[in-house]
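The structure file work-v5.cif is reproduced below (mmCIF, C-alpha atoms and all ligand atoms; chains and numbers go by the auth columns).
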```cif
data_start
loop_
_atom_site.group_PDB
_atom_site.id
_atom_site.type_symbol
_atom_site.label_atom_id
_atom_site.label_comp_id
_atom_site.label_asym_id
_atom_site.label_seq_id
_atom_site.Cartn_x
_atom_site.Cartn_y
_atom_site.Cartn_z
_atom_site.B_iso_or_equiv
_atom_site.auth_seq_id
_atom_site.auth_asym_id
ATOM 1 C CA MET A 1 0.663 -16.051 -14.720 0.00 1 V
ATOM 2 C CA LEU A 2 -0.997 -15.906 -11.318 0.00 2 V
ATOM 3 C CA ASP A 3 -1.117 -12.150 -10.655 0.00 3 V
ATOM 4 C CA PRO A 4 -4.178 -10.676 -8.914 0.00 4 V
ATOM 5 C CA ALA A 5 -3.161 -7.199 -10.122 0.00 5 V
ATOM 6 C CA GLN A 6 -3.470 -8.341 -13.724 0.00 6 V
ATOM 7 C CA ASP A 7 -6.367 -10.765 -13.215 0.00 7 V
ATOM 8 C CA PRO A 8 -9.234 -9.179 -11.228 0.00 8 V
ATOM 9 C CA SER A 9 -11.048 -12.544 -11.025 0.00 9 V
ATOM 10 C CA LEU A 10 -8.190 -14.144 -9.069 0.00 10 V
ATOM 11 C CA ASP A 11 -8.703 -14.253 -5.284 0.00 11 V
ATOM 12 C CA PRO A 12 -5.354 -13.072 -3.848 0.00 12 V
ATOM 13 C CA ARG A 13 -6.129 -14.816 -0.540 0.00 13 V
ATOM 14 C CA SER A 14 -5.622 -18.117 -2.359 0.00 14 V
ATOM 15 C CA LEU A 15 -1.953 -17.359 -3.151 0.00 15 V
ATOM 16 C CA THR A 16 0.751 -19.297 -1.323 0.00 16 V
ATOM 17 C CA PRO A 17 3.833 -17.604 0.162 0.00 17 V
ATOM 18 C CA ASP A 18 5.910 -18.914 -2.771 0.00 18 V
ATOM 19 C CA GLN A 19 3.460 -17.465 -5.266 0.00 19 V
ATOM 20 C CA TRP A 20 3.646 -14.089 -3.501 0.00 20 V
ATOM 21 C CA ARG A 21 7.457 -14.290 -3.529 0.00 21 V
ATOM 22 C CA SER A 22 7.392 -14.665 -7.301 0.00 22 V
ATOM 23 C CA LEU A 23 5.300 -11.483 -7.640 0.00 23 V
ATOM 24 C CA LEU A 24 6.938 -9.201 -5.075 0.00 24 V
ATOM 25 C CA GLY A 25 10.403 -7.816 -4.489 0.00 25 V
ATOM 26 C CA PRO A 26 12.036 -8.868 -1.177 0.00 26 V
ATOM 27 C CA LEU A 27 11.133 -5.644 0.638 0.00 27 V
ATOM 28 C CA GLU A 28 7.601 -5.662 -0.752 0.00 28 V
ATOM 29 C CA TYR A 29 7.198 -9.239 0.478 0.00 29 V
ATOM 30 C CA ALA A 30 8.562 -8.438 3.946 0.00 30 V
ATOM 31 C CA ILE A 31 6.162 -5.505 4.329 0.00 31 V
ATOM 32 C CA LEU A 32 2.993 -6.804 2.710 0.00 32 V
ATOM 33 C CA ARG A 33 3.152 -10.430 3.821 0.00 33 V
ATOM 34 C CA GLU A 34 5.211 -10.225 7.063 0.00 34 V
ATOM 35 C CA ALA A 35 4.222 -6.747 8.345 0.00 35 V
ATOM 36 C CA ALA A 36 7.770 -5.360 8.259 0.00 36 V
ATOM 37 C CA THR A 37 8.359 -1.599 8.149 0.00 37 V
ATOM 38 C CA GLU A 38 10.740 0.099 5.733 0.00 38 V
ATOM 39 C CA ARG A 39 13.299 2.459 7.262 0.00 39 V
ATOM 40 C CA GLY A 40 11.891 6.009 7.509 0.00 40 V
ATOM 41 C CA GLY A 41 13.004 8.389 4.778 0.00 41 V
ATOM 42 C CA THR A 42 14.167 5.591 2.456 0.00 42 V
ATOM 43 C CA GLY A 43 11.035 4.421 0.658 0.00 43 V
ATOM 44 C CA ARG A 44 9.414 5.369 -2.613 0.00 44 V
ATOM 45 C CA TYR A 45 6.813 8.142 -3.020 0.00 45 V
ATOM 46 C CA LEU A 46 8.176 10.546 -0.422 0.00 46 V
ATOM 47 C CA ASP A 47 7.839 13.006 -3.312 0.00 47 V
ATOM 48 C CA ASP A 48 4.595 13.272 -5.244 0.00 48 V
ATOM 49 C CA PRO A 49 4.722 11.354 -8.528 0.00 49 V
ATOM 50 C CA GLY A 50 1.986 13.453 -10.175 0.00 50 V
ATOM 51 C CA PRO A 51 -1.615 12.751 -11.222 0.00 51 V
ATOM 52 C CA GLY A 52 -2.774 9.163 -10.805 0.00 52 V
ATOM 53 C CA ALA A 53 -3.562 6.707 -8.023 0.00 53 V
ATOM 54 C CA PHE A 54 -1.745 4.484 -5.541 0.00 54 V
ATOM 55 C CA HIS A 55 -2.610 0.802 -5.658 0.00 55 V
ATOM 56 C CA CYS A 56 -1.801 -2.090 -3.346 0.00 56 V
ATOM 57 C CA ALA A 57 1.560 -3.421 -4.571 0.00 57 V
ATOM 58 C CA GLY A 58 0.363 -6.937 -3.800 0.00 58 V
ATOM 59 C CA CYS A 59 -3.032 -7.248 -5.465 0.00 59 V
ATOM 60 C CA GLY A 60 -3.486 -4.002 -7.417 0.00 60 V
ATOM 61 C CA GLN A 61 -6.560 -2.743 -5.574 0.00 61 V
ATOM 62 C CA ALA A 62 -6.832 1.081 -5.671 0.00 62 V
ATOM 63 C CA LEU A 63 -6.095 2.497 -2.212 0.00 63 V
ATOM 64 C CA TYR A 64 -5.429 6.240 -2.529 0.00 64 V
ATOM 65 C CA GLY A 65 -5.799 8.994 -5.071 0.00 65 V
ATOM 66 C CA ALA A 66 -2.940 11.436 -5.593 0.00 66 V
ATOM 67 C CA ALA A 67 -5.194 14.129 -4.064 0.00 67 V
ATOM 68 C CA HIS A 68 -5.324 12.193 -0.751 0.00 68 V
ATOM 69 C CA LYS A 69 -1.556 12.457 -0.254 0.00 69 V
ATOM 70 C CA PHE A 70 0.002 15.082 1.991 0.00 70 V
ATOM 71 C CA HIS A 71 3.437 15.889 3.364 0.00 71 V
ATOM 72 C CA SER A 72 3.591 14.923 7.033 0.00 72 V
ATOM 73 C CA GLY A 73 7.380 14.938 7.359 0.00 73 V
ATOM 74 C CA CYS A 74 7.212 11.554 9.129 0.00 74 V
ATOM 75 C CA GLY A 75 9.476 9.767 6.625 0.00 75 V
ATOM 76 C CA TRP A 76 6.790 7.670 4.932 0.00 76 V
ATOM 77 C CA PRO A 77 4.186 8.545 2.309 0.00 77 V
ATOM 78 C CA SER A 78 1.138 9.932 4.129 0.00 78 V
ATOM 79 C CA PHE A 79 -2.510 10.056 3.116 0.00 79 V
ATOM 80 C CA PHE A 80 -5.543 11.483 4.907 0.00 80 V
ATOM 81 C CA GLN A 81 -8.141 9.040 3.572 0.00 81 V
ATOM 82 C CA GLU A 82 -8.563 6.001 1.356 0.00 82 V
ATOM 83 C CA VAL A 83 -9.931 6.387 -2.161 0.00 83 V
ATOM 84 C CA VAL A 84 -13.207 4.547 -1.423 0.00 84 V
ATOM 85 C CA PRO A 85 -14.687 3.235 1.836 0.00 85 V
ATOM 86 C CA GLY A 86 -13.821 -0.419 2.290 0.00 86 V
ATOM 87 C CA ALA A 87 -10.433 -0.316 0.548 0.00 87 V
ATOM 88 C CA LEU A 88 -8.712 -0.802 3.899 0.00 88 V
ATOM 89 C CA ARG A 89 -9.177 -3.114 6.840 0.00 89 V
ATOM 90 C CA GLU A 90 -8.213 -1.730 10.239 0.00 90 V
ATOM 91 C CA ILE A 91 -6.860 -3.929 13.032 0.00 91 V
ATOM 92 C CA VAL A 92 -5.830 -2.951 16.551 0.00 92 V
ATOM 93 C CA ASP A 93 -2.115 -3.731 16.852 0.00 93 V
ATOM 94 C CA HIS A 94 -0.517 -4.207 20.287 0.00 94 V
ATOM 95 C CA THR A 95 3.029 -5.038 19.085 0.00 95 V
ATOM 96 C CA HIS A 96 6.144 -3.087 20.161 0.00 96 V
ATOM 97 C CA GLY A 97 4.517 -2.058 23.466 0.00 97 V
ATOM 98 C CA MET A 98 2.114 0.333 21.748 0.00 98 V
ATOM 99 C CA THR A 99 -1.539 0.280 20.802 0.00 99 V
ATOM 100 C CA ARG A 100 -1.822 1.322 17.191 0.00 100 V
ATOM 101 C CA THR A 101 -4.262 0.869 14.339 0.00 101 V
ATOM 102 C CA GLU A 102 -2.801 -1.290 11.599 0.00 102 V
ATOM 103 C CA MET A 103 -4.064 -0.905 8.027 0.00 103 V
ATOM 104 C CA ARG A 104 -4.325 -3.790 5.616 0.00 104 V
ATOM 105 C CA CYS A 105 -5.545 -3.994 2.045 0.00 105 V
ATOM 106 C CA SER A 106 -9.098 -5.320 2.168 0.00 106 V
ATOM 107 C CA ARG A 107 -8.625 -7.448 -0.965 0.00 107 V
ATOM 108 C CA CYS A 108 -5.388 -9.349 -0.255 0.00 108 V
ATOM 109 C CA ASP A 109 -4.939 -8.661 3.489 0.00 109 V
ATOM 110 C CA GLY A 110 -1.478 -7.214 2.797 0.00 110 V
ATOM 111 C CA HIS A 111 0.031 -5.041 5.543 0.00 111 V
ATOM 112 C CA LEU A 112 0.273 -1.382 4.506 0.00 112 V
ATOM 113 C CA GLY A 113 1.157 0.634 7.624 0.00 113 V
ATOM 114 C CA HIS A 114 -0.620 2.350 10.509 0.00 114 V
ATOM 115 C CA ILE A 115 -3.204 5.112 11.005 0.00 115 V
ATOM 116 C CA PHE A 116 -2.612 7.954 13.450 0.00 116 V
ATOM 117 C CA ALA A 117 -5.007 10.738 14.479 0.00 117 V
ATOM 118 C CA ASP A 118 -2.293 13.377 14.476 0.00 118 V
ATOM 119 C CA ALA A 119 -2.858 15.369 11.289 0.00 119 V
ATOM 120 C CA PRO A 120 -5.115 18.279 12.352 0.00 120 V
ATOM 121 C CA ARG A 121 -4.392 20.226 9.181 0.00 121 V
ATOM 122 C CA THR A 122 -5.829 17.586 6.841 0.00 122 V
ATOM 123 C CA PRO A 123 -9.563 17.288 5.995 0.00 123 V
ATOM 124 C CA THR A 124 -9.930 14.173 8.177 0.00 124 V
ATOM 125 C CA GLY A 125 -7.299 14.793 10.861 0.00 125 V
ATOM 126 C CA MET A 126 -5.908 11.349 10.125 0.00 126 V
ATOM 127 C CA ARG A 127 -2.464 10.281 8.920 0.00 127 V
ATOM 128 C CA HIS A 128 -2.307 7.000 7.045 0.00 128 V
ATOM 129 C CA CYS A 129 1.398 6.217 7.380 0.00 129 V
ATOM 130 C CA VAL A 130 2.051 3.862 4.468 0.00 130 V
ATOM 131 C CA ASN A 131 5.176 1.924 3.539 0.00 131 V
ATOM 132 C CA GLY A 132 6.117 3.123 0.044 0.00 132 V
ATOM 133 C CA SER A 133 6.950 -0.442 -0.981 0.00 133 V
ATOM 134 C CA ALA A 134 3.427 -1.577 -0.062 0.00 134 V
ATOM 135 C CA ILE A 135 1.913 0.605 -2.781 0.00 135 V
ATOM 136 C CA LEU A 136 2.478 1.121 -6.491 0.00 136 V
ATOM 137 C CA PHE A 137 1.651 4.324 -8.328 0.00 137 V
ATOM 138 C CA VAL A 138 -0.392 4.066 -11.509 0.00 138 V
ATOM 139 C CA ALA A 139 -0.058 7.283 -13.483 0.00 139 V
ATOM 140 C CA ALA A 140 -3.159 8.876 -14.998 0.00 140 V
ATOM 141 C CA GLY A 141 -3.679 7.392 -18.465 0.00 141 V
ATOM 142 C CA GLU A 142 -1.853 4.138 -17.604 0.00 142 V
ATOM 143 C CA THR A 143 -3.631 0.850 -16.919 0.00 143 V
ATOM 144 C CA VAL A 144 -3.172 -1.090 -13.694 0.00 144 V
ATOM 145 C CA ALA A 145 -2.299 -4.268 -15.589 0.00 145 V
ATOM 146 C CA ALA A 146 0.394 -2.592 -17.705 0.00 146 V
ATOM 147 C CA THR A 147 1.924 -0.785 -14.732 0.00 147 V
ATOM 148 C CA PHE A 148 2.150 -4.003 -12.705 0.00 148 V
ATOM 149 C CA ALA A 149 3.429 -5.999 -15.681 0.00 149 V
ATOM 150 C CA ARG A 150 6.361 -3.564 -15.914 0.00 150 V
ATOM 151 C CA HIS A 151 6.959 -3.563 -12.165 0.00 151 V
ATOM 152 C CA ARG A 152 6.853 -7.269 -11.302 0.00 152 V
ATOM 153 C CA PRO A 153 10.260 -8.954 -10.871 0.00 153 V
ATOM 154 C CA ALA A 154 11.692 -10.507 -14.016 0.00 154 V
ATOM 155 C CA ARG A 155 11.405 -14.277 -14.071 0.00 155 V
HETATM 156 ZN ZN ZN B . -3.949 -5.828 -1.816 0.00 1 W
#
```
Take the structure in the file and give it back as structure tokens.
Ligand SMILES: [Zn+2]
Amino acid sequence: MLDPAQDPSLDPRSLTPDQWRSLLGPLEYAILREAATERGGTGRYLDDPGPGAFHCAGCGQALYGAAHKFHSGCGWPSFFQEVVPGALREIVDHTHGMTRTEMRCSRCDGHLGHIFADAPRTPTGMRHCVNGSAILFVAAGETVAATFARHRPAR
């Protein structure tokens, strides 16, 4: 199966839209591949799932540790920094009449959310406002491959 989360040697940028559709749920596809936004307060991970890490739901790259998550009250999971430099790609986004900084996964170019400099009580002052459906939590002690194998849509 062509799954970059279970095959680290696979370049996710080579996947076609149909191949992504076979790996992602409809909301995951709309967010990651079409830059949609889930309705505030409805997504996964508004509560903390415990020790572990948050990975890109498209390609499986690690994006955030559980310790980088904080409660912003904005309606989406919020993080104050990525797990390692280079995990994210930032793009200036002028859509919807605003200038915002969009975040994408650096491995698969999947849309994750936006970054705002409005979190003065965090160590960085930054709020990474992430769509819950763009990320997948891998609990401490679990492997990325096994977690994604369970999560991918049944075929
Ligand atoms: Zn990715």
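Between atom CA of V:Gly43 and atom CA of V:Leu112 lies a distance of 12.8 Å.
The smallest atom-to-atom distance between V:Thr143 and any of V:His55, V:Arg13, V:Arg104, V:His128, using all atoms listed in the file, is found for V:His55.
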Notebook entry, point to check: What does the PyMOL selection byres (((not hetatm)) within 7 of (chain W and resi 1)) select in this file, as a list in words?
Noted result: Cys56, Ala57, Gly58, Cys59, Gly60, Gln61, Cys105, Ser106, Arg107, Cys108, Asp109 and Gly110 of chain V
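If you measure from each of V:Lys69, V:Arg33, V:Arg21, V:Arg152 to V:Pro51 using all atoms listed in the file, the closest one turns out to be V:Lys69.
Once the PyMOL selection byres (((chain V and resi 86) around 12) and not hetatm) is applied to the depicted file, the selected set reads Gln61, Ala62, Leu63, Tyr64, Gln81, Glu82, Val83, Val84, Pro85, Ala87, Leu88, Arg89, Glu90, Met103, Arg104, Cys105, Ser106 and Arg107 of chain V.
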Could the residues in this selection be written to a file with C-alpha atoms, as a PDB file, keeping the file's coordinate frame?
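selection.pdb, freshly written:
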```pdb
ATOM      1  CA  GLN V  61      -6.560  -2.743  -5.574  1.00  0.00           C
ATOM      2  CA  ALA V  62      -6.832   1.081  -5.671  1.00  0.00           C
ATOM      3  CA  LEU V  63      -6.095   2.497  -2.212  1.00  0.00           C
ATOM      4  CA  TYR V  64      -5.429   6.240  -2.529  1.00  0.00           C
ATOM      5  CA  GLN V  81      -8.141   9.040   3.572  1.00  0.00           C
ATOM      6  CA  GLU V  82      -8.563   6.001   1.356  1.00  0.00           C
ATOM      7  CA  VAL V  83      -9.931   6.387  -2.161  1.00  0.00           C
ATOM      8  CA  VAL V  84     -13.207   4.547  -1.423  1.00  0.00           C
ATOM      9  CA  PRO V  85     -14.687   3.235   1.836  1.00  0.00           C
ATOM     10  CA  ALA V  87     -10.433  -0.316   0.548  1.00  0.00           C
ATOM     11  CA  LEU V  88      -8.712  -0.802   3.899  1.00  0.00           C
ATOM     12  CA  ARG V  89      -9.177  -3.114   6.840  1.00  0.00           C
ATOM     13  CA  GLU V  90      -8.213  -1.730  10.239  1.00  0.00           C
ATOM     14  CA  MET V 103      -4.064  -0.905   8.027  1.00  0.00           C
ATOM     15  CA  ARG V 104      -4.325  -3.790   5.616  1.00  0.00           C
ATOM     16  CA  CYS V 105      -5.545  -3.994   2.045  1.00  0.00           C
ATOM     17  CA  SER V 106      -9.098  -5.320   2.168  1.00  0.00           C
ATOM     18  CA  ARG V 107      -8.625  -7.448  -0.965  1.00  0.00           C
TER      19      ARG V 107
END
```
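Among V:Trp20, V:Phe70, V:Tyr45, V:Phe54, the residue with the shortest atom-to-atom distance to V:Arg121, counting only C-alpha atoms, is V:Phe70.
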Next item on the list: Tell me, as a ChimeraX atom specification, which residues lie within 7 Å of V:Ala145, counting all atoms listed in the file; anything in the same chain fewer than 2 positions away does not count.
Entry: /V:5-6,143,147-149
Next item on the list: Tell me which residues the PyMOL selection byres (((chain V and resi 52) around 6) and not hetatm) grabs here, as an MDAnalysis selection string.
Entry: chainID V and resid 51 53 66 138:140
Margin query: With all atoms listed in the file as the counted atoms, please give the residues lying no more than 10 Å from V:Thr122, apart from itself and same-chain residues fewer than 4 positions off, as a list in words.
Written below: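 In the requested form, the answer reads His68, Lys69, Phe70, Ser72, Phe79, Phe80, Gln81, Asp118, Met126 and Arg127 of chain V.
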Write out the residues from the selection above, keeping C-alpha atoms, as an mmCIF file, in the coordinates of the input.
```cif
data_model
loop_
_atom_site.group_PDB
_atom_site.id
_atom_site.type_symbol
_atom_site.label_atom_id
_atom_site.label_comp_id
_atom_site.auth_asym_id
_atom_site.auth_seq_id
_atom_site.Cartn_x
_atom_site.Cartn_y
_atom_site.Cartn_z
ATOM 1 C CA HIS V 68 -5.324 12.193 -0.751
ATOM 2 C CA LYS V 69 -1.556 12.457 -0.254
ATOM 3 C CA PHE V 70 0.002 15.082 1.991
ATOM 4 C CA SER V 72 3.591 14.923 7.033
ATOM 5 C CA PHE V 79 -2.510 10.056 3.116
ATOM 6 C CA PHE V 80 -5.543 11.483 4.907
ATOM 7 C CA GLN V 81 -8.141 9.040 3.572
ATOM 8 C CA ASP V 118 -2.293 13.377 14.476
ATOM 9 C CA MET V 126 -5.908 11.349 10.125
ATOM 10 C CA ARG V 127 -2.464 10.281 8.920
#
```
Notebook entry, point to check: At what distance in Å, to one decimal, does atom CA of V:Thr95 lie from atom CA of V:Phe137?
Noted result: 29.0 Å
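We find atom CA of V:His151 and atom CA of V:Cys74 to be spaced 26.1 Å apart.
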Next item on the list: Give me the residues within 10 Å of V:Tyr29 as a list of chain:residue names, counting only C-alpha atoms and dropping any in the same chain fewer than 2 places off.
Entry: V:Pro17, V:Trp20, V:Arg21, V:Ser22, V:Leu23, V:Leu24, V:Gly25, V:Pro26, V:Leu27, V:Ile31, V:Leu32, V:Arg33, V:Glu34, V:Ala35, V:Ala36, V:Ala57, V:Gly58, V:Gly110, V:His111, V:Ser133, V:Ala134
Margin query: Env of V:Arg39: 9 Å cut, atoms = all atoms listed in the file, seq-sep filter 3 positions within chain, self excluded. Answer as a PyMOL selection string.
Written below: chain V and resi 42-43+75-76+131
Give, as JSON, the centre coordinates and the x, y and z edge lengths in Å to one decimal for an axis-aligned box around all listed atoms of stretch 75-87 of chain V, padded by 6 Å on each side.
```
{"center_x": -2.6, "center_y": 5.5, "center_z": 2.2, "size_x": 36.2, "size_y": 23.9, "size_z": 20.8}
```
Please supply stretch 111-132 of chain V, rebuilt with N, CA and C atoms, as a compact mmCIF listing (two decimals), in the frame of the given file.
```txt
# COMPACT_ATOMS: atom_id res chain seq x y z
N HIS V 111 -0.25 -6.12 4.58
CA HIS V 111 0.03 -5.04 5.54
C HIS V 111 0.49 -3.79 4.79
N LEU V 112 -0.08 -2.64 5.17
CA LEU V 112 0.27 -1.38 4.51
C LEU V 112 1.03 -0.44 5.43
N GLY V 113 0.56 -0.31 6.68
CA GLY V 113 1.16 0.63 7.62
C GLY V 113 0.21 0.85 8.78
N HIS V 114 0.22 2.05 9.35
CA HIS V 114 -0.62 2.35 10.51
C HIS V 114 -1.34 3.68 10.31
N ILE V 115 -2.42 3.87 11.05
CA ILE V 115 -3.20 5.11 11.00
C ILE V 115 -3.04 5.85 12.33
N PHE V 116 -2.76 7.13 12.26
CA PHE V 116 -2.61 7.95 13.45
C PHE V 116 -3.53 9.18 13.34
N ALA V 117 -4.11 9.57 14.46
CA ALA V 117 -5.01 10.74 14.48
C ALA V 117 -4.21 11.97 14.87
N ASP V 118 -3.18 12.27 14.09
CA ASP V 118 -2.29 13.38 14.48
C ASP V 118 -2.04 14.34 13.32
N ALA V 119 -3.02 14.49 12.46
CA ALA V 119 -2.86 15.37 11.29
C ALA V 119 -3.97 16.41 11.25
N PRO V 120 -3.98 17.35 12.23
CA PRO V 120 -5.12 18.28 12.35
C PRO V 120 -5.29 19.20 11.14
N ARG V 121 -4.25 19.31 10.32
CA ARG V 121 -4.39 20.23 9.18
C ARG V 121 -4.94 19.55 7.93
N THR V 122 -5.22 18.26 8.00
CA THR V 122 -5.83 17.59 6.84
C THR V 122 -7.35 17.57 7.00
N PRO V 123 -8.09 17.30 5.92
CA PRO V 123 -9.56 17.29 6.00
C PRO V 123 -10.12 16.28 7.00
N THR V 124 -9.42 15.19 7.26
CA THR V 124 -9.93 14.17 8.18
C THR V 124 -9.24 14.18 9.54
N GLY V 125 -8.09 14.84 9.64
CA GLY V 125 -7.30 14.79 10.86
C GLY V 125 -6.46 13.54 11.01
N MET V 126 -6.57 12.64 10.02
CA MET V 126 -5.91 11.35 10.12
C MET V 126 -4.66 11.31 9.24
N ARG V 127 -3.67 10.54 9.72
CA ARG V 127 -2.46 10.28 8.92
C ARG V 127 -2.35 8.78 8.68
N HIS V 128 -2.55 8.39 7.43
CA HIS V 128 -2.31 7.00 7.04
C HIS V 128 -0.84 6.92 6.67
N CYS V 129 -0.05 6.30 7.55
CA CYS V 129 1.40 6.22 7.38
C CYS V 129 1.68 4.91 6.64
N VAL V 130 2.01 5.02 5.35
CA VAL V 130 2.05 3.86 4.47
C VAL V 130 3.49 3.57 4.05
N ASN V 131 3.88 2.32 4.10
CA ASN V 131 5.18 1.92 3.54
C ASN V 131 5.14 2.13 2.02
N GLY V 132 6.11 2.87 1.48
CA GLY V 132 6.12 3.12 0.04
C GLY V 132 6.16 1.85 -0.77
```
